[in-house]
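Novice: Please read through the structure below; I'll follow up with questions.
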Amino acid sequence: MEFEMILGHLIAHALGRTQGYQFFNMAMMLLFAALLPVGSVAGLSAFAWNEFTKESDYQRRFGADWKAQYQAEHGSLTAARIKVGAVMLGAVVNSFLGFLLYRHLFPALRGVGYATRPPRGRSRRRTRIHR
């Protein structure tokens, strides 16, 4: 109950200072920036985990003859391992692209913007001569 009140209060402040469409565009952009990389990496990881558990299950159930049984039911073991390798590479690339997108959308993380100080120039201090 208190969470909804706080959320409503924050939305009211945000809408009071911006146009309504700006607030919802910002919310959709943040949702896109957060859910696309995280969701796709989670999906790719779930696919790879499923393949690993399937292979492990066949090793446990059929012993030394598990490869022949796996290939009879699911096709080429080499093709399945290549898919898992491609999926894991995709997860790494997607994580990297998500990181770059996040840094691009939030410039304060790059050291640019309102949250950082401007770089200091080197200034020579004049020494006063006391007479």
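Note on naming: chains are A, B, ... as they come in the structure tokens, residues start from 1 per chain, ligands start from 1 in the order shown.
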Which neighbours of segment 29-36 of chain A fall inside 8 Å, counting only C-alpha atoms, when residues of the same chain fewer than 6 positions from it are skipped, and could you give them as a list in words?
Specialist: Gly98, Leu101 and Tyr102 of chain A
Novice: What would the file look like if the residues just selected were written as a CSV table (one decimal), in the first residue's frame with N, CA and C atoms?
Specialist:
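Okay, this is what ended up in out.csv:
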```csv
chain,number,residue,atom,x,y,z
A,98,GLY,N,24.1,-4.4,-24.7
A,98,GLY,CA,23.3,-3.8,-23.7
A,98,GLY,C,24.0,-2.8,-22.8
A,101,LEU,N,24.5,0.3,-24.8
A,101,LEU,CA,23.2,1.0,-24.9
A,101,LEU,C,22.9,1.8,-23.6
A,102,TYR,N,23.1,1.1,-22.5
A,102,TYR,CA,22.9,1.7,-21.1
A,102,TYR,C,23.8,2.9,-20.9
```
Novice: Show me, as a count of residues only, the residues that have an atom within 8 Å of segment 71-88 of chain A when counting only C-alpha atoms, minus same-chain residues fewer than 5 positions from it.
Specialist: 5
Novice: Would you list the contacts of Glu55 of chain A as a list in words, taking every protein, DNA or RNA residue within 9 Å and counting only C-alpha atoms, but skipping same-chain residues closer than 6 positions in sequence?
Specialist: Trp66, Lys67, Tyr70 and Leu77 of chain A
Novice: For the selection just defined, write its residues with N, CA, C and O atoms to a file, as an mmCIF file, in the first residue's frame.
Specialist:
```cif
data_model
loop_
_atom_site.group_PDB
_atom_site.id
_atom_site.type_symbol
_atom_site.label_atom_id
_atom_site.label_comp_id
_atom_site.auth_asym_id
_atom_site.auth_seq_id
_atom_site.Cartn_x
_atom_site.Cartn_y
_atom_site.Cartn_z
ATOM 1 N N TRP A 66 25.230 -43.303 -24.682
ATOM 2 C CA TRP A 66 24.333 -42.157 -24.655
ATOM 3 C C TRP A 66 24.370 -41.342 -25.946
ATOM 4 O O TRP A 66 23.361 -40.790 -26.366
ATOM 5 N N LYS A 67 25.542 -41.261 -26.604
ATOM 6 C CA LYS A 67 25.653 -40.455 -27.817
ATOM 7 C C LYS A 67 24.781 -40.998 -28.939
ATOM 8 O O LYS A 67 24.114 -40.244 -29.648
ATOM 9 N N TYR A 70 21.148 -40.256 -28.075
ATOM 10 C CA TYR A 70 20.865 -38.827 -28.240
ATOM 11 C C TYR A 70 20.689 -38.490 -29.713
ATOM 12 O O TYR A 70 19.749 -37.785 -30.094
ATOM 13 N N LEU A 77 24.722 -34.502 -32.413
ATOM 14 C CA LEU A 77 25.245 -33.954 -31.162
ATOM 15 C C LEU A 77 26.162 -32.770 -31.456
ATOM 16 O O LEU A 77 26.151 -31.768 -30.729
#
```
Novice: Calculate how many Å separate atom CA of Ser95 of chain A from atom CA of Met28 of chain A, rounding to one decimal.
Specialist: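 We find that atom CA of Ser95 of chain A and atom CA of Met28 of chain A lie 19.7 Å from each other.
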Novice: So how far away is atom CA of Leu100 of chain A from atom CA of Asn50 of chain A, in Å?
Specialist: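 A separation of 28.5 Å between them.
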Novice: Neighbours of Val93 of chain A within 10 Å (only C-alpha atoms; same-chain residues fewer than 6 positions away dropped), as a list in words?
Specialist: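 My reading of the contact set: Pro37, Val41, Val87 and Phe99 of chain A.
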